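What follows is a short report on a single structure.
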Amino acid sequence: MSEKKARLSIDGIDEPIELPVYAGSTGPDVVDVRSLVGQGVFTYDPGFVSTAACDSDITYIDGGAGVLLHRGYPIEQLAEKSNFLETCYLLLNGELPAADEREVFENTIRYHTMVDEAIHQFFRGFPRTAHPMAMLCGVVGALSAFYHDNLDIDNSEHRLLAAHRVIAKMPTLAAMCYKHGMGQPFMYPQNSMGFAENFLHMMFGTPCEEPKVSPVLAKAMDTLFLLHADHEQNASTSTVRLAGSTGTNPYACIASGIAALWGPAHGGANEAVLDMLYEIGDESRIEEFIKRAKDKDDPFRLMGFGHRVYKNYDPRATVIRGICDEVLEELGSENDPLLRIAKKLEKIALEDEYFIERKLFPNVDFYSGIILKAIGIPTSMFTVIFATGRTPGWIAHWHEMLSESYRIGRPRQLYKGYTKRDYPG
């Protein structure tokens, strides 16, 4: 029970309204405003930036301190000691797996990576020029047509089976989006390969050659997936929860998350980094664009610097910076003109007092964009890869919500239109 109380006085209501105040295991306290509707008033919070719409045990962010925890484990430790699939297990189940549990989980994912052959026909209906996110949103939603029988979302085992299926099939579908756009044959997953290795094989392999994926690139890809696995109640995760609150199937929920992620203000940030580098174009123009970024009257912004949540260094960026250097060395891409611009921008941001004072440090999107570009992945695929990494977070939140008492989401509004009026004549 809550021991703290908040009291709200409102003109026109005789007595102050008492509201319970709850404390989580860490982070700010929250004021429970649910009883306000009975008094005829709502709270007003555009963007829900000051509203907790749920309680959760999965992920915690302290933006001021630059902390990201999955089930209590710091992201830096998971990136160093764990891998993507083990982190998926952690997000879904609450604890790291024992050795036998990990083996069973990895085998389960491995043997769910193939998709129904009929899904190949879905892709033929898309023009080759279709955006990969448009295709991914469509085919993930279509999974509900293949896996609807005997799916009881109130059954925990059924939910976990759906979770395993969608985590396993996302890289296969993501690679198919790329291959369709390239006009190349789809590559089947290989059960002998790891998760990220398999993804790169399905992206860049062809039937003409033996599978061959660089271990350095596979490790980098696995870490990228891990760093994007969950990020608390962001726009796409909240969308998945809101869709799931209606009782809809999990594939429709994930498709809704993909649609939300597609927005350039959310999942398109690393794509925007590359667009910015193309706009700068040459190292000789960097100072010009730095001056523009410092000019408050100039609309130009340096993309990939600073973060809405992290008011300190993005902890994911700390991890990925070292991986970025490893990838560039492996591929011999240090002399790529675009990547030279990126490295010089990074150096300026880490040394220039203007950026340091404002804590505009390079974030995870800055480095992930550089890595993906170096690997040879087109910018149109960046958000697809983000969605592949974020899938375990989405499905874990869906599973958590349905494991507890929940209500259908129904935000309120501040109505500012006409009051009642009569139809003329």
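Letters A, B, ... go to the chains of the structure tokens in the order shown; residues in each chain start at 1; ligands are counted from 1 in the same order.
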* Asked: What lies within 12 Å of Thr388 of chain A using only C-alpha atoms, ignoring chain neighbours under 6 positions off, as a PyMOL selection string?
  -> chain A and resi 84+88+133+136-137+140+166-175+195-196+199+221-222+224-230+254-255+257-258+261+267+381-382+394-395
Grab the residues selected above and save them as a tab-separated table (two decimals), in the first residue's frame with N, CA and C atoms.
chain	number	residue	atom	x	y	z
A	84	PHE	N	23.13	-11.67	-28.06
A	84	PHE	CA	21.76	-11.24	-28.32
A	84	PHE	C	20.74	-12.26	-27.85
A	88	CYS	N	17.79	-11.92	-25.16
A	88	CYS	CA	16.38	-12.19	-25.47
A	88	CYS	C	15.75	-13.04	-24.36
A	133	MET	N	10.80	-1.26	-44.96
A	133	MET	CA	9.94	-1.22	-43.78
A	133	MET	C	8.48	-1.44	-44.14
A	136	LEU	N	8.28	-5.19	-44.50
A	136	LEU	CA	8.39	-5.87	-43.21
A	136	LEU	C	7.11	-5.74	-42.40
A	137	CYS	N	6.54	-4.54	-42.39
A	137	CYS	CA	5.30	-4.32	-41.66
A	137	CYS	C	4.20	-5.23	-42.19
A	140	VAL	N	5.09	-9.22	-41.48
A	140	VAL	CA	4.98	-9.59	-40.06
A	140	VAL	C	3.52	-9.65	-39.65
A	166	VAL	N	8.43	-15.19	-33.47
A	166	VAL	CA	8.65	-13.87	-34.06
A	166	VAL	C	10.11	-13.44	-33.93
A	167	ILE	N	10.77	-13.77	-32.82
A	167	ILE	CA	12.20	-13.46	-32.68
A	167	ILE	C	13.01	-14.20	-33.74
A	168	ALA	N	12.67	-15.48	-33.96
A	168	ALA	CA	13.42	-16.31	-34.91
A	168	ALA	C	13.20	-15.89	-36.35
A	169	LYS	N	12.00	-15.49	-36.70
A	169	LYS	CA	11.68	-15.23	-38.09
A	169	LYS	C	11.99	-13.81	-38.54
A	170	MET	N	12.18	-12.89	-37.60
A	170	MET	CA	12.43	-11.51	-37.99
A	170	MET	C	13.68	-11.35	-38.86
A	171	PRO	N	14.83	-11.95	-38.51
A	171	PRO	CA	15.99	-11.77	-39.39
A	171	PRO	C	15.79	-12.39	-40.76
A	172	THR	N	15.05	-13.49	-40.83
A	172	THR	CA	14.76	-14.12	-42.12
A	172	THR	C	13.92	-13.19	-42.98
A	173	LEU	N	12.87	-12.62	-42.39
A	173	LEU	CA	12.00	-11.70	-43.13
A	173	LEU	C	12.74	-10.42	-43.48
A	174	ALA	N	13.58	-9.93	-42.57
A	174	ALA	CA	14.34	-8.71	-42.84
A	174	ALA	C	15.26	-8.91	-44.05
A	175	ALA	N	15.96	-10.03	-44.08
A	175	ALA	CA	16.85	-10.32	-45.21
A	175	ALA	C	16.06	-10.48	-46.50
A	195	PHE	N	22.88	-16.59	-34.66
A	195	PHE	CA	21.80	-15.69	-35.03
A	195	PHE	C	22.27	-14.58	-35.98
A	196	ALA	N	23.26	-13.80	-35.57
A	196	ALA	CA	23.72	-12.67	-36.38
A	196	ALA	C	24.46	-13.15	-37.62
A	199	PHE	N	21.95	-14.02	-40.15
A	199	PHE	CA	21.36	-12.84	-40.77
A	199	PHE	C	22.25	-12.30	-41.88
A	221	MET	N	27.39	-7.35	-35.56
A	221	MET	CA	25.95	-7.39	-35.83
A	221	MET	C	25.20	-7.88	-34.61
A	222	ASP	N	25.73	-8.90	-33.93
A	222	ASP	CA	25.09	-9.43	-32.73
A	222	ASP	C	25.02	-8.35	-31.65
A	224	LEU	N	25.03	-5.08	-32.13
A	224	LEU	CA	24.05	-4.08	-32.55
A	224	LEU	C	22.64	-4.52	-32.20
A	225	PHE	N	22.31	-5.77	-32.48
A	225	PHE	CA	21.00	-6.30	-32.12
A	225	PHE	C	20.79	-6.19	-30.60
A	226	LEU	N	21.81	-6.58	-29.83
A	226	LEU	CA	21.71	-6.57	-28.37
A	226	LEU	C	21.48	-5.15	-27.83
A	227	LEU	N	22.21	-4.19	-28.38
A	227	LEU	CA	22.11	-2.82	-27.89
A	227	LEU	C	20.74	-2.19	-28.17
A	228	HIS	N	20.03	-2.74	-29.15
A	228	HIS	CA	18.72	-2.21	-29.50
A	228	HIS	C	17.58	-3.08	-28.97
A	229	ALA	N	17.88	-4.09	-28.16
A	229	ALA	CA	16.89	-5.09	-27.77
A	229	ALA	C	15.69	-4.52	-27.02
A	230	ASP	N	15.91	-3.52	-26.19
A	230	ASP	CA	14.78	-2.89	-25.49
A	230	ASP	C	15.23	-1.52	-25.00
A	254	ILE	N	3.29	-6.62	-33.09
A	254	ILE	CA	4.66	-6.34	-33.55
A	254	ILE	C	4.62	-5.50	-34.82
A	255	ALA	N	3.67	-5.78	-35.73
A	255	ALA	CA	3.54	-4.96	-36.94
A	255	ALA	C	3.25	-3.51	-36.58
A	257	GLY	N	4.26	-2.02	-33.87
A	257	GLY	CA	5.53	-1.49	-33.39
A	257	GLY	C	6.45	-1.12	-34.53
A	258	ILE	N	6.47	-1.95	-35.57
A	258	ILE	CA	7.29	-1.67	-36.75
A	258	ILE	C	6.83	-0.38	-37.41
A	261	LEU	N	8.02	2.49	-35.36
A	261	LEU	CA	9.48	2.63	-35.44
A	261	LEU	C	9.91	3.29	-36.74
A	267	GLY	N	12.92	5.40	-35.17
A	267	GLY	CA	13.87	4.41	-35.68
A	267	GLY	C	14.71	4.89	-36.84
A	381	MET	N	17.64	-0.01	-45.24
A	381	MET	CA	17.53	-1.21	-44.41
A	381	MET	C	17.84	-0.94	-42.94
A	382	PHE	N	18.33	0.25	-42.61
A	382	PHE	CA	18.77	0.52	-41.25
A	382	PHE	C	17.65	0.29	-40.23
A	394	TRP	N	9.87	-5.72	-27.62
A	394	TRP	CA	8.44	-5.57	-27.91
A	394	TRP	C	7.65	-6.77	-27.39
A	395	ILE	N	8.12	-7.96	-27.74
A	395	ILE	CA	7.35	-9.16	-27.40
A	395	ILE	C	7.42	-9.43	-25.90
* Quick one: residues within 7 Å of Met203 of chain A, only C-alpha atoms counted, chain neighbours fewer than 2 positions away excluded, as a ChimeraX atom specification? -> /A:175,178-179,199-201,205
* Any idea what's packed within 10 Å of Ile153 of chain A, counting only C-alpha atoms, ignoring anything in its chain fewer than 4 positions away? Could you give it as a PyMOL selection string? -> chain A and resi 157-160+162+244+247-250+398-399+402-403
Go ahead and write the selection's residues with C-alpha atoms as an mmCIF file, in the first residue's frame.
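Contents of the output file again_37.cif:
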data_model
loop_
_atom_site.group_PDB
_atom_site.id
_atom_site.type_symbol
_atom_site.label_atom_id
_atom_site.label_comp_id
_atom_site.auth_asym_id
_atom_site.auth_seq_id
_atom_site.Cartn_x
_atom_site.Cartn_y
_atom_site.Cartn_z
ATOM 1 C CA GLU A 157 3.053 -21.192 -22.961
ATOM 2 C CA HIS A 158 1.251 -20.033 -26.117
ATOM 3 C CA ARG A 159 2.612 -16.533 -25.642
ATOM 4 C CA LEU A 160 6.170 -17.810 -25.290
ATOM 5 C CA ALA A 162 4.631 -16.830 -30.328
ATOM 6 C CA GLY A 244 -1.929 -5.621 -27.230
ATOM 7 C CA GLY A 247 -6.413 -8.550 -27.061
ATOM 8 C CA THR A 248 -5.194 -8.642 -30.646
ATOM 9 C CA ASN A 249 -2.711 -11.283 -31.823
ATOM 10 C CA PRO A 250 1.025 -10.787 -31.202
ATOM 11 C CA TRP A 398 3.480 -7.742 -24.672
ATOM 12 C CA HIS A 399 4.019 -10.957 -22.696
ATOM 13 C CA LEU A 402 -0.813 -10.094 -20.622
ATOM 14 C CA SER A 403 0.700 -11.873 -17.619
#
* To do: Name the residues of segment 170-369 of chain A that fall into alpha helix (DSSP H) according to DSSP on the backbone, using the chain letters and numbers of this document, as a ChimeraX atom specification.
  => /A:170-182,195-204,215-227,235-244,250-261,269-280,286-294,315-331,337-351,353-357,364-369
* To do: Excluding Phe48 of chain A and any residue of its chain fewer than 4 positions from it, enumerate the residues within 12 Å of it, using only C-alpha atoms, and give them as an MDAnalysis selection string.
  => chainID A and resid 43:44 52:54 233:235 238 411:413
* Nearby residues (only C-alpha atoms) at most 10 Å from segment 73-78 of chain A, same-chain spacing under 2 positions excluded, as number ranges by chain -> A: 59-61, 67-71, 80-84, 86-87, 90, 95-96, 223, 226-227, 315-320
* To do: For each of A:Gly141, A:Gly183, A:Gly304, A:Gly376, take the minimum atom-to-atom distance to Tyr251 of chain A, counting only C-alpha atoms, then give the residue where this is smallest.
  =>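 Ranked by minimum distance to Tyr251 of chain A, first place goes to A:Gly141.
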* To do: Return the single residue from A:Tyr354, A:Ala259, A:Tyr89, A:His112 that is closest to Asp295 of chain A, with distances computed using only C-alpha atoms.
  => A:Tyr354
* Using only C-alpha atoms, determine which residues lie at most 8 Å from segment 13-28 of chain A, disregarding the query and same-chain residues fewer than 5 positions distant; provide the list as a ChimeraX atom specification. => /A:2-8,33,35,62
Compile the contact shell of Cys324 of chain A as a CSV table (one decimal) with C-alpha atoms, in the first residue's frame: residues with an atom at most 9 Å away, counting only C-alpha atoms, same-chain residues fewer than 3 positions apart removed.
chain,number,residue,atom,x,y,z
A,220,ALA,CA,29.4,-6.6,-34.5
A,320,ILE,CA,29.5,0.5,-29.9
A,321,ARG,CA,32.4,3.0,-30.4
A,327,VAL,CA,34.6,-3.2,-38.1
A,328,LEU,CA,36.4,-0.4,-40.0
A,329,GLU,CA,39.7,-2.1,-39.5
A,367,TYR,CA,28.0,4.7,-34.5
A,368,SER,CA,25.4,2.2,-35.7
A,370,ILE,CA,28.7,4.1,-39.6
A,371,ILE,CA,28.9,0.4,-38.9
